[in-house]
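Student: My file is upload.cif. It has mmCIF, C-alpha atoms:
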data_work
#
loop_
_atom_site.group_PDB
_atom_site.id
_atom_site.type_symbol
_atom_site.label_atom_id
_atom_site.label_comp_id
_atom_site.auth_asym_id
_atom_site.auth_seq_id
_atom_site.Cartn_x
_atom_site.Cartn_y
_atom_site.Cartn_z
ATOM 1 C CA MET A 1 119.723 57.488 150.285
ATOM 2 C CA ARG A 2 121.418 59.366 147.407
ATOM 3 C CA ASN A 3 120.720 56.458 145.061
ATOM 4 C CA ILE A 4 117.072 56.517 146.039
ATOM 5 C CA VAL A 5 116.897 60.267 145.371
ATOM 6 C CA ARG A 6 118.625 59.812 142.033
ATOM 7 C CA LEU A 7 116.239 57.050 140.979
ATOM 8 C CA THR A 8 113.302 59.201 142.056
ATOM 9 C CA LEU A 9 114.570 62.127 139.967
ATOM 10 C CA VAL A 10 115.083 59.909 136.941
ATOM 11 C CA ALA A 11 111.629 58.407 137.276
ATOM 12 C CA SER A 12 110.074 61.849 137.669
ATOM 13 C CA ALA A 13 111.934 63.152 134.655
ATOM 14 C CA LEU A 14 110.713 60.260 132.546
ATOM 15 C CA ILE A 15 107.164 61.094 133.521
ATOM 16 C CA VAL A 16 107.792 64.743 132.612
ATOM 17 C CA LEU A 17 109.266 63.771 129.267
ATOM 18 C CA ALA A 18 106.358 61.431 128.533
ATOM 19 C CA SER A 19 103.949 64.311 128.990
ATOM 20 C CA CYS A 20 105.967 66.746 126.870
ATOM 21 C CA GLY A 21 105.587 66.886 123.119
ATOM 22 C CA GLY A 22 104.174 63.380 122.877
ATOM 23 C CA ARG A 23 107.629 61.759 123.270
ATOM 24 C CA LYS A 24 107.451 58.284 124.840
ATOM 25 C CA GLY A 25 109.699 57.137 127.652
ATOM 26 C CA ALA A 26 111.026 54.385 125.408
ATOM 27 C CA ASP A 27 112.543 57.047 123.164
ATOM 28 C CA LEU A 28 115.208 57.649 125.821
ATOM 29 C CA GLN A 29 116.638 54.198 125.129
ATOM 30 C CA GLU A 30 115.636 53.421 121.555
ATOM 31 C CA GLY A 31 115.256 56.794 119.836
ATOM 32 C CA ALA A 32 117.806 58.456 117.610
ATOM 33 C CA VAL A 33 118.200 61.359 120.048
ATOM 34 C CA ALA A 34 120.543 60.739 122.985
ATOM 35 C CA PRO A 35 118.790 60.751 126.372
ATOM 36 C CA ASP A 36 121.012 63.509 127.781
ATOM 37 C CA LYS A 37 120.227 65.721 124.803
ATOM 38 C CA THR A 38 116.518 64.988 125.233
ATOM 39 C CA LEU A 39 116.662 65.968 128.885
ATOM 40 C CA PHE A 40 118.562 69.143 128.025
ATOM 41 C CA GLU A 41 116.226 70.179 125.221
ATOM 42 C CA ASN A 42 113.166 69.639 127.378
ATOM 43 C CA GLY A 43 114.767 71.536 130.230
ATOM 44 C CA MET A 44 115.373 74.480 127.905
ATOM 45 C CA LYS A 45 111.806 74.302 126.574
ATOM 46 C CA PHE A 46 110.406 74.369 130.099
ATOM 47 C CA LEU A 47 112.723 77.249 131.013
ATOM 48 C CA GLY A 48 111.607 79.199 127.962
ATOM 49 C CA LYS A 49 107.990 78.738 129.005
ATOM 50 C CA LYS A 50 108.856 79.724 132.598
ATOM 51 C CA HIS A 51 107.942 76.288 133.928
ATOM 52 C CA PHE A 52 110.818 76.626 136.360
ATOM 53 C CA ILE A 53 110.297 73.546 138.540
ATOM 54 C CA LYS A 54 109.956 71.251 135.521
ATOM 55 C CA SER A 55 113.027 72.769 133.907
ATOM 56 C CA ARG A 56 115.099 72.258 137.047
ATOM 57 C CA LEU A 57 113.920 68.655 137.294
ATOM 58 C CA SER A 58 115.078 67.918 133.744
ATOM 59 C CA PHE A 59 118.446 69.636 134.217
ATOM 60 C CA GLN A 60 119.096 68.010 137.601
ATOM 61 C CA THR A 61 118.250 64.570 136.243
ATOM 62 C CA LEU A 62 120.707 65.106 133.402
ATOM 63 C CA ILE A 63 123.447 66.204 135.805
ATOM 64 C CA SER A 64 122.856 63.284 138.176
ATOM 65 C CA THR A 65 122.518 60.633 135.470
ATOM 66 C CA TYR A 66 125.007 61.883 132.873
ATOM 67 C CA PRO A 67 127.682 63.829 134.804
ATOM 68 C CA GLU A 68 130.124 63.594 131.855
ATOM 69 C CA SER A 69 127.634 64.829 129.272
ATOM 70 C CA GLU A 70 128.570 67.774 127.098
ATOM 71 C CA TYR A 71 125.285 69.334 128.274
ATOM 72 C CA THR A 72 126.091 69.069 131.985
ATOM 73 C CA PRO A 73 127.861 72.456 132.458
ATOM 74 C CA THR A 74 125.113 74.365 130.647
ATOM 75 C CA SER A 75 122.458 72.439 132.585
ATOM 76 C CA PHE A 76 124.175 73.398 135.825
ATOM 77 C CA LEU A 77 124.152 77.035 134.755
ATOM 78 C CA SER A 78 120.557 76.837 133.531
ATOM 79 C CA ILE A 79 119.364 75.715 136.973
ATOM 80 C CA ALA A 80 120.838 78.938 138.365
ATOM 81 C CA ASP A 81 119.224 80.902 135.534
ATOM 82 C CA SER A 82 115.829 79.376 136.360
ATOM 83 C CA TYR A 83 116.015 80.593 139.958
ATOM 84 C CA TYR A 84 117.284 83.986 138.754
ATOM 85 C CA GLU A 85 114.436 84.426 136.281
ATOM 86 C CA GLU A 86 111.810 83.204 138.746
ATOM 87 C CA GLY A 87 112.817 86.026 141.092
ATOM 88 C CA GLY A 88 111.988 86.715 144.719
ATOM 89 C CA LYS A 89 114.602 86.894 147.456
ATOM 90 C CA GLU A 90 114.739 83.165 148.238
ATOM 91 C CA ASN A 91 115.057 82.208 144.580
ATOM 92 C CA LEU A 92 117.747 84.832 144.015
ATOM 93 C CA LEU A 93 119.751 83.450 146.934
ATOM 94 C CA GLN A 94 119.360 79.941 145.499
ATOM 95 C CA ALA A 95 120.592 81.269 142.168
ATOM 96 C CA GLU A 96 123.598 82.885 143.831
ATOM 97 C CA ALA A 97 124.626 79.621 145.463
ATOM 98 C CA GLN A 98 124.238 77.739 142.172
ATOM 99 C CA TYR A 99 126.257 80.324 140.225
ATOM 100 C CA LYS A 100 129.040 80.136 142.795
ATOM 101 C CA ASP A 101 129.109 76.338 142.530
ATOM 102 C CA PHE A 102 129.181 76.632 138.744
ATOM 103 C CA ILE A 103 132.283 78.851 138.920
ATOM 104 C CA ILE A 104 133.958 76.402 141.326
ATOM 105 C CA PHE A 105 133.240 73.396 139.092
ATOM 106 C CA TYR A 106 133.800 75.162 135.748
ATOM 107 C CA PRO A 107 136.173 78.090 136.393
ATOM 108 C CA THR A 108 137.354 78.253 132.766
ATOM 109 C CA HIS A 109 133.932 77.906 131.176
ATOM 110 C CA GLU A 110 133.096 80.600 128.633
ATOM 111 C CA SER A 111 130.079 81.632 130.750
ATOM 112 C CA ALA A 112 131.979 81.959 134.043
ATOM 113 C CA ASP A 113 132.067 85.757 133.708
ATOM 114 C CA ASN A 114 128.312 85.826 133.122
ATOM 115 C CA ALA A 115 127.795 83.766 136.272
ATOM 116 C CA GLN A 116 129.955 86.106 138.377
ATOM 117 C CA MET A 117 128.227 89.177 136.981
ATOM 118 C CA ARG A 118 124.861 87.686 137.889
ATOM 119 C CA ILE A 119 126.097 87.013 141.438
ATOM 120 C CA ALA A 120 126.945 90.718 141.682
ATOM 121 C CA ALA A 121 123.599 91.635 140.109
ATOM 122 C CA ILE A 122 121.698 89.545 142.670
ATOM 123 C CA ASN A 123 123.245 91.433 145.569
ATOM 124 C CA TYR A 124 122.714 94.734 143.770
ATOM 125 C CA ARG A 125 119.031 93.930 143.309
ATOM 126 C CA LEU A 126 118.751 93.105 147.025
ATOM 127 C CA MET A 127 120.377 96.362 148.156
ATOM 128 C CA LYS A 128 118.447 98.607 150.497
ATOM 129 C CA PRO A 129 118.557 102.444 150.540
ATOM 130 C CA HIS A 130 121.778 103.935 151.906
ATOM 131 C CA ASP A 131 120.217 104.730 155.287
ATOM 132 C CA ARG A 132 119.202 101.091 155.838
ATOM 133 C CA ASP A 133 121.031 97.806 156.374
ATOM 134 C CA PRO A 134 124.100 97.888 154.078
ATOM 135 C CA THR A 135 124.676 94.102 154.052
ATOM 136 C CA TYR A 136 123.787 93.504 150.417
ATOM 137 C CA THR A 137 125.396 96.756 149.324
ATOM 138 C CA ARG A 138 128.699 95.580 150.797
ATOM 139 C CA LYS A 139 128.230 92.158 149.199
ATOM 140 C CA ALA A 140 127.543 93.802 145.843
ATOM 141 C CA GLU A 141 130.799 95.735 146.197
ATOM 142 C CA ILE A 142 132.721 92.544 146.980
ATOM 143 C CA GLU A 143 131.235 90.612 144.066
ATOM 144 C CA LEU A 144 131.768 93.425 141.556
ATOM 145 C CA LYS A 145 135.393 93.722 142.660
ATOM 146 C CA LYS A 146 135.772 89.954 142.278
ATOM 147 C CA PHE A 147 134.318 90.160 138.791
ATOM 148 C CA LEU A 148 136.798 92.850 137.754
ATOM 149 C CA ASP A 149 139.713 90.981 139.352
ATOM 150 C CA ASP A 150 138.826 87.624 137.771
ATOM 151 C CA PHE A 151 137.474 88.799 134.404
ATOM 152 C CA PRO A 152 139.149 92.135 133.577
ATOM 153 C CA ASP A 153 138.893 91.482 129.830
ATOM 154 C CA SER A 154 135.232 90.480 129.845
ATOM 155 C CA GLU A 155 132.924 92.428 127.556
ATOM 156 C CA LEU A 156 130.828 93.059 130.680
ATOM 157 C CA ALA A 157 133.700 94.751 132.557
ATOM 158 C CA PRO A 158 133.020 98.398 131.558
ATOM 159 C CA THR A 159 129.492 98.205 132.951
ATOM 160 C CA ALA A 160 130.709 96.389 136.061
ATOM 161 C CA GLU A 161 133.085 99.305 136.733
ATOM 162 C CA GLU A 162 130.221 101.779 136.492
ATOM 163 C CA PHE A 163 128.006 99.801 138.841
ATOM 164 C CA LEU A 164 130.885 99.409 141.287
ATOM 165 C CA ARG A 165 131.198 103.208 141.402
ATOM 166 C CA GLN A 166 127.479 103.458 142.072
ATOM 167 C CA VAL A 167 127.613 100.848 144.835
ATOM 168 C CA ARG A 168 130.555 102.591 146.502
ATOM 169 C CA GLU A 169 128.694 105.887 146.192
ATOM 170 C CA GLU A 170 125.761 104.326 148.012
ATOM 171 C CA LEU A 171 128.030 102.991 150.766
ATOM 172 C CA SER A 172 129.741 106.349 151.209
ATOM 173 C CA ARG A 173 126.400 108.131 151.405
ATOM 174 C CA GLY A 174 125.371 105.785 154.172
ATOM 175 C CA VAL A 175 128.482 106.449 156.252
ATOM 176 C CA HIS A 176 128.305 110.178 155.516
ATOM 177 C CA GLY A 177 124.652 110.260 156.568
ATOM 178 C CA VAL A 178 125.499 108.752 159.944
ATOM 179 C CA GLY A 179 128.217 111.375 160.331
ATOM 180 C CA VAL A 180 125.728 114.148 159.617
ATOM 181 C CA PHE A 181 123.328 112.623 162.139
ATOM 182 C CA TYR A 182 125.974 112.793 164.901
ATOM 183 C CA HIS A 183 127.235 116.195 163.811
ATOM 184 C CA GLU A 184 123.775 117.759 164.038
ATOM 185 C CA ARG A 185 123.519 116.427 167.600
ATOM 186 C CA LYS A 186 126.949 117.830 168.463
ATOM 187 C CA ARG A 187 128.401 114.364 169.031
ATOM 188 C CA TYR A 188 131.562 115.467 167.360
ATOM 189 C CA SER A 189 133.800 112.503 168.160
ATOM 190 C CA ALA A 190 131.373 110.012 166.614
ATOM 191 C CA ALA A 191 130.826 112.371 163.672
ATOM 192 C CA ALA A 192 134.551 112.756 163.063
ATOM 193 C CA ASN A 193 135.002 108.988 162.988
ATOM 194 C CA ARG A 194 132.359 108.614 160.255
ATOM 195 C CA PHE A 195 133.655 111.468 158.142
ATOM 196 C CA GLU A 196 137.206 110.143 158.428
ATOM 197 C CA GLU A 197 135.963 106.792 157.153
ATOM 198 C CA VAL A 198 134.431 108.468 154.110
ATOM 199 C CA VAL A 199 137.589 110.456 153.372
ATOM 200 C CA GLU A 200 139.892 107.452 153.739
ATOM 201 C CA GLU A 201 137.751 104.651 152.293
ATOM 202 C CA TYR A 202 135.708 106.472 149.640
ATOM 203 C CA PRO A 203 137.879 109.169 148.035
ATOM 204 C CA GLU A 204 135.619 109.106 144.939
ATOM 205 C CA PHE A 205 132.523 110.081 146.947
ATOM 206 C CA SER A 206 130.528 112.644 144.971
ATOM 207 C CA ARG A 207 130.177 114.931 148.003
ATOM 208 C CA LEU A 208 133.625 114.532 149.469
ATOM 209 C CA ASP A 209 133.807 118.317 149.886
ATOM 210 C CA GLU A 210 130.928 118.147 152.359
ATOM 211 C CA SER A 211 132.523 115.273 154.283
ATOM 212 C CA LEU A 212 135.827 117.154 154.418
ATOM 213 C CA PHE A 213 134.206 120.326 155.729
ATOM 214 C CA HIS A 214 132.129 118.510 158.374
ATOM 215 C CA LEU A 215 135.186 116.526 159.425
ATOM 216 C CA ALA A 216 137.141 119.752 159.865
ATOM 217 C CA ASP A 217 134.298 121.346 161.819
ATOM 218 C CA SER A 218 133.975 118.273 164.072
ATOM 219 C CA LEU A 219 137.698 118.278 164.777
ATOM 220 C CA GLU A 220 137.667 122.012 165.473
ATOM 221 C CA ASN A 221 134.885 121.527 168.014
ATOM 222 C CA LEU A 222 136.968 118.779 169.635
ATOM 223 C CA GLY A 223 139.860 121.233 170.010
ATOM 224 C CA ARG A 224 141.955 119.474 167.343
ATOM 225 C CA VAL A 225 142.607 122.666 165.431
ATOM 226 C CA GLU A 226 145.718 121.596 163.516
ATOM 227 C CA GLU A 227 143.939 118.537 162.136
ATOM 228 C CA ALA A 228 140.892 120.643 161.296
ATOM 229 C CA THR A 229 143.113 123.041 159.364
ATOM 230 C CA VAL A 230 144.264 120.218 157.071
ATOM 231 C CA TYR A 231 140.710 119.462 155.946
ATOM 232 C CA TYR A 232 139.556 123.075 155.701
ATOM 233 C CA SER A 233 142.596 123.637 153.489
ATOM 234 C CA ARG A 234 141.655 120.764 151.178
ATOM 235 C CA VAL A 235 138.219 122.270 150.593
ATOM 236 C CA ALA A 236 139.727 125.696 150.003
ATOM 237 C CA ARG A 237 142.354 124.310 147.631
ATOM 238 C CA GLU A 238 140.449 121.651 145.632
ATOM 239 C CA TYR A 239 136.725 122.516 145.607
ATOM 240 C CA GLU A 240 136.212 125.944 144.078
ATOM 241 C CA PHE A 241 132.718 124.884 142.913
ATOM 242 C CA SER A 242 131.646 123.687 146.369
ATOM 243 C CA PRO A 243 129.096 125.552 148.522
ATOM 244 C CA TYR A 244 131.611 124.987 151.360
ATOM 245 C CA PHE A 245 134.508 126.671 149.529
ATOM 246 C CA ASP A 246 134.000 130.185 150.946
ATOM 247 C CA ASN A 247 133.163 128.847 154.413
ATOM 248 C CA ALA A 248 136.395 126.856 154.514
ATOM 249 C CA ARG A 249 138.445 129.905 153.551
ATOM 250 C CA GLU A 250 136.687 132.001 156.226
ATOM 251 C CA LYS A 251 137.360 129.305 158.836
ATOM 252 C CA LEU A 252 141.067 129.347 158.023
ATOM 253 C CA VAL A 253 141.153 133.153 158.386
ATOM 254 C CA LEU A 254 139.377 132.960 161.765
ATOM 255 C CA LEU A 255 141.802 130.271 162.929
ATOM 256 C CA GLU A 256 144.690 132.479 161.753
ATOM 257 C CA ARG A 257 145.929 129.810 159.367
ATOM 258 C CA PRO A 258 147.166 130.424 155.814
ATOM 259 C CA VAL A 259 144.586 130.159 153.050
ATOM 260 C CA PRO A 260 146.025 127.951 150.256
ATOM 261 C CA GLN A 261 146.109 128.856 146.591
ATOM 262 C CA LEU A 262 143.519 127.159 144.433
ATOM 263 C CA ASP A 263 144.838 123.988 142.770
ATOM 264 C CA LYS A 264 143.101 124.333 139.418
ATOM 265 C CA GLU A 265 144.132 120.885 138.215
ATOM 266 C CA LYS A 266 142.694 119.086 141.238
ATOM 267 C CA ALA A 267 139.618 121.310 141.228
ATOM 268 C CA ALA A 268 138.991 120.424 137.583
ATOM 269 C CA ARG A 269 139.379 116.690 138.313
ATOM 270 C CA ASN A 270 136.983 116.896 141.233
ATOM 271 C CA LEU A 271 134.420 118.790 139.194
ATOM 272 C CA ALA A 272 134.737 116.258 136.361
ATOM 273 C CA ARG A 273 134.119 113.464 138.863
ATOM 274 C CA MET A 274 130.990 115.194 140.134
ATOM 275 C CA LYS A 275 129.697 115.623 136.594
ATOM 276 C CA ARG A 276 130.363 111.969 135.843
ATOM 277 C CA TYR A 277 128.259 110.943 138.815
ATOM 278 C CA GLU A 278 125.551 113.316 137.684
ATOM 279 C CA LYS A 279 125.602 111.727 134.231
ATOM 280 C CA GLU A 280 125.389 108.248 135.744
ATOM 281 C CA GLY A 281 122.435 109.187 137.914
ATOM 282 C CA PHE A 282 123.938 110.931 140.937
ATOM 283 C CA SER A 283 123.243 114.652 141.015
ATOM 284 C CA PHE A 284 125.938 116.399 143.041
ATOM 285 C CA LEU A 285 123.664 119.411 143.330
ATOM 286 C CA SER A 286 120.987 117.446 145.180
ATOM 287 C CA PRO A 287 121.049 116.926 148.973
ATOM 288 C CA VAL A 288 123.343 114.079 149.908
ATOM 289 C CA ARG A 289 120.704 112.420 152.043
ATOM 290 C CA GLY A 290 118.169 112.259 149.221
ATOM 291 C CA VAL A 291 117.159 108.963 147.639
ATOM 292 C CA LEU A 292 119.339 108.074 144.659
ATOM 293 C CA GLY A 293 117.434 108.071 141.405
ATOM 294 C CA ILE A 294 119.484 105.171 140.069
ATOM 295 C CA PHE A 295 117.977 102.832 142.654
ATOM 296 C CA THR A 296 114.375 103.710 141.834
ATOM 297 C CA GLY A 297 113.013 100.937 139.638
ATOM 298 C CA ARG A 298 116.521 99.511 139.809
ATOM 299 C CA GLU A 299 117.774 98.009 136.548
ATOM 300 C CA ASP A 300 119.474 94.645 136.532
ATOM 301 C CA PRO A 301 123.251 95.230 136.149
ATOM 302 C CA TYR A 302 123.670 91.987 134.243
ATOM 303 C CA GLU A 303 120.996 92.887 131.706
ATOM 304 C CA VAL A 304 122.467 96.375 131.298
ATOM 305 C CA ALA A 305 125.971 94.955 130.813
ATOM 306 C CA ARG A 306 124.762 92.329 128.336
ATOM 307 C CA ARG A 307 122.792 94.881 126.313
ATOM 308 C CA ARG A 308 125.702 97.316 126.152
ATOM 309 C CA ALA A 309 128.101 94.554 125.112
ATOM 310 C CA GLU A 310 125.794 93.590 122.266
ATOM 311 C CA GLN A 311 125.521 97.228 121.197
ATOM 312 C CA ARG A 312 129.314 97.566 121.116
ATOM 313 C CA GLN A 313 129.606 94.413 119.036
ATOM 314 C CA MET A 314 127.109 95.756 116.521
ATOM 315 C CA GLU A 315 128.908 99.083 116.302
ATOM 316 C CA GLU A 316 132.289 97.412 115.823
ATOM 317 C CA SER A 317 130.911 95.203 113.072
ATOM 318 C CA GLY A 318 129.202 98.150 111.387
ATOM 319 C CA GLY A 319 125.769 96.712 112.089
ATOM 320 C CA ASP A 320 122.460 98.376 112.736
ATOM 321 C CA GLU A 321 122.762 100.909 115.552
ATOM 322 C CA SER A 322 119.017 101.248 116.049
ATOM 323 C CA LEU A 323 119.229 99.393 119.372
ATOM 324 C CA ARG A 324 121.079 102.272 121.001
#
What is this file in structure tokens?
Tutor:
Amino acid sequence: MRNIVRLTLVASALIVLASCGGRKGADLQEGAVAPDKTLFENGMKFLGKKHFIKSRLSFQTLISTYPESEYTPTSFLSIADSYYEEGGKENLLQAEAQYKDFIIFYPTHESADNAQMRIAAINYRLMKPHDRDPTYTRKAEIELKKFLDDFPDSELAPTAEEFLRQVREELSRGVHGVGVFYHERKRYSAAANRFEEVVEEYPEFSRLDESLFHLADSLENLGRVEEATVYYSRVAREYEFSPYFDNAREKLVLLERPVPQLDKEKAARNLARMKRYEKEGFSFLSPVRGVLGIFTGREDPYEVARRRAEQRQMEESGGDESLR
């Protein structure tokens, strides 16, 4: 059956080639240009013209017929690129599978980091708002972490780190939002569980002060006063700029617990973190349950990373900085 499929692909490709640029099928055997190169060049031409099915047919025929060709790895990657560029959820998932296979077959290829970054970008593009299904958000986190673990020296790594922070921010907002939902309904045990998850799993959350205060309040309402004191104290010690700062200090006074001295170093670090998120698109002054601006008309992380890498290269070489 596989041989039949292969012969069918070859025959189809020959028909495609015969109709492209006036090149005859006989050229594959008698022409000066090698048949694998001809298939590759036509695949790239079709891809450039967004004739995605024809491009994939040419690339797949090359891979099946000339598995040892120097063009085979790039053809394999180009099939993934064709699905990626065509877009739509099903095509993006096809692209993801192809990129993953490419990394398995060619782990040391110079484009392996690009493939992994595009896997992360696919899941990022499929993410839903933080109050919806977090499946693709969690997958984006996993794939960005994998990128940074496997390709720490890649020119795309700085942008991957930024997008990982944004993805983790989105995840923490989702968990925090569920905590707020339970807290408002006085379901303090469920609320405490969610806020504890934020505090433990997402210490870089832009509104950690709010999670800490609500966690303390939930624990206080559950009669766990000593535990509540720990979190009130953190707000009072590390978040001088927080709208919960004075409330936390008042709570400690009412509970007859010592009010800690302000830790200026930690407070400065926390404020700097908030400002960084604001600069990257997360305003720490806006309500935590608002829609994140960064995900409106969401940019492709791969394209952003590629563009920034090219800008850095130009700057380092003293080239034209007009692209900035």
Student: Nearest to Ser154 (chain A): which of A:Met117, A:Leu252, A:Met274, A:Val225 is it, counting all atoms listed in the file?
Tutor: A:Met117
Student: Interatomic distance between CA of Glu143 (chain A) and CA of Gln116 (chain A)?
Tutor: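 Between CA of Glu143 (chain A) and CA of Gln116 (chain A) the gap is 7.4 Å.
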Student: Between CA of Glu316 (chain A) and CA of Tyr302 (chain A), measure the distance and give it in Å to one decimal.
Tutor: 21.0 Å
Student: Taking only C-alpha atoms into account, which of A:Glu240, A:Glu303, A:Glu227, A:Glu278 comes nearest Leu255 (chain A)?
Tutor: A:Glu227
Student: For the atom pair CA of Asn42 (chain A) and CA of Ser58 (chain A), what is the interatomic distance in Å to one decimal place?
Tutor: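 Going from CA of Asn42 (chain A) over to CA of Ser58 (chain A) covers 6.9 Å.
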Student: Looking at A:Asp81, A:Tyr71, A:Pro35, A:Leu156, which one is nearest to Phe52 (chain A), with distances taken over all atoms listed in the file?
Tutor: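 Ranked by minimum distance to Phe52 (chain A), first place goes to A:Asp81.
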Student: Any chance you could work out the residue set of the PyMOL selection byres ((chain A and resi 136) around 8) here, as a list in words?
Tutor: Asn123, Tyr124, Leu126, Met127, Lys128, Asp133, Pro134, Thr135, Thr137, Arg138, Lys139 and Ala140 of chain A
Student: Next, write the just-selected residues to a file, as a PDB file, in the frame of the given file, keeping C-alpha atoms as the atom set.
Tutor:
ATOM      1  CA  ASN A 123     123.245  91.433 145.569  1.00  0.00           C
ATOM      2  CA  TYR A 124     122.714  94.734 143.770  1.00  0.00           C
ATOM      3  CA  LEU A 126     118.751  93.105 147.025  1.00  0.00           C
ATOM      4  CA  MET A 127     120.377  96.362 148.156  1.00  0.00           C
ATOM      5  CA  LYS A 128     118.447  98.607 150.497  1.00  0.00           C
ATOM      6  CA  ASP A 133     121.031  97.806 156.374  1.00  0.00           C
ATOM      7  CA  PRO A 134     124.100  97.888 154.078  1.00  0.00           C
ATOM      8  CA  THR A 135     124.676  94.102 154.052  1.00  0.00           C
ATOM      9  CA  THR A 137     125.396  96.756 149.324  1.00  0.00           C
ATOM     10  CA  ARG A 138     128.699  95.580 150.797  1.00  0.00           C
ATOM     11  CA  LYS A 139     128.230  92.158 149.199  1.00  0.00           C
ATOM     12  CA  ALA A 140     127.543  93.802 145.843  1.00  0.00           C
TER      13      ALA A 140
END
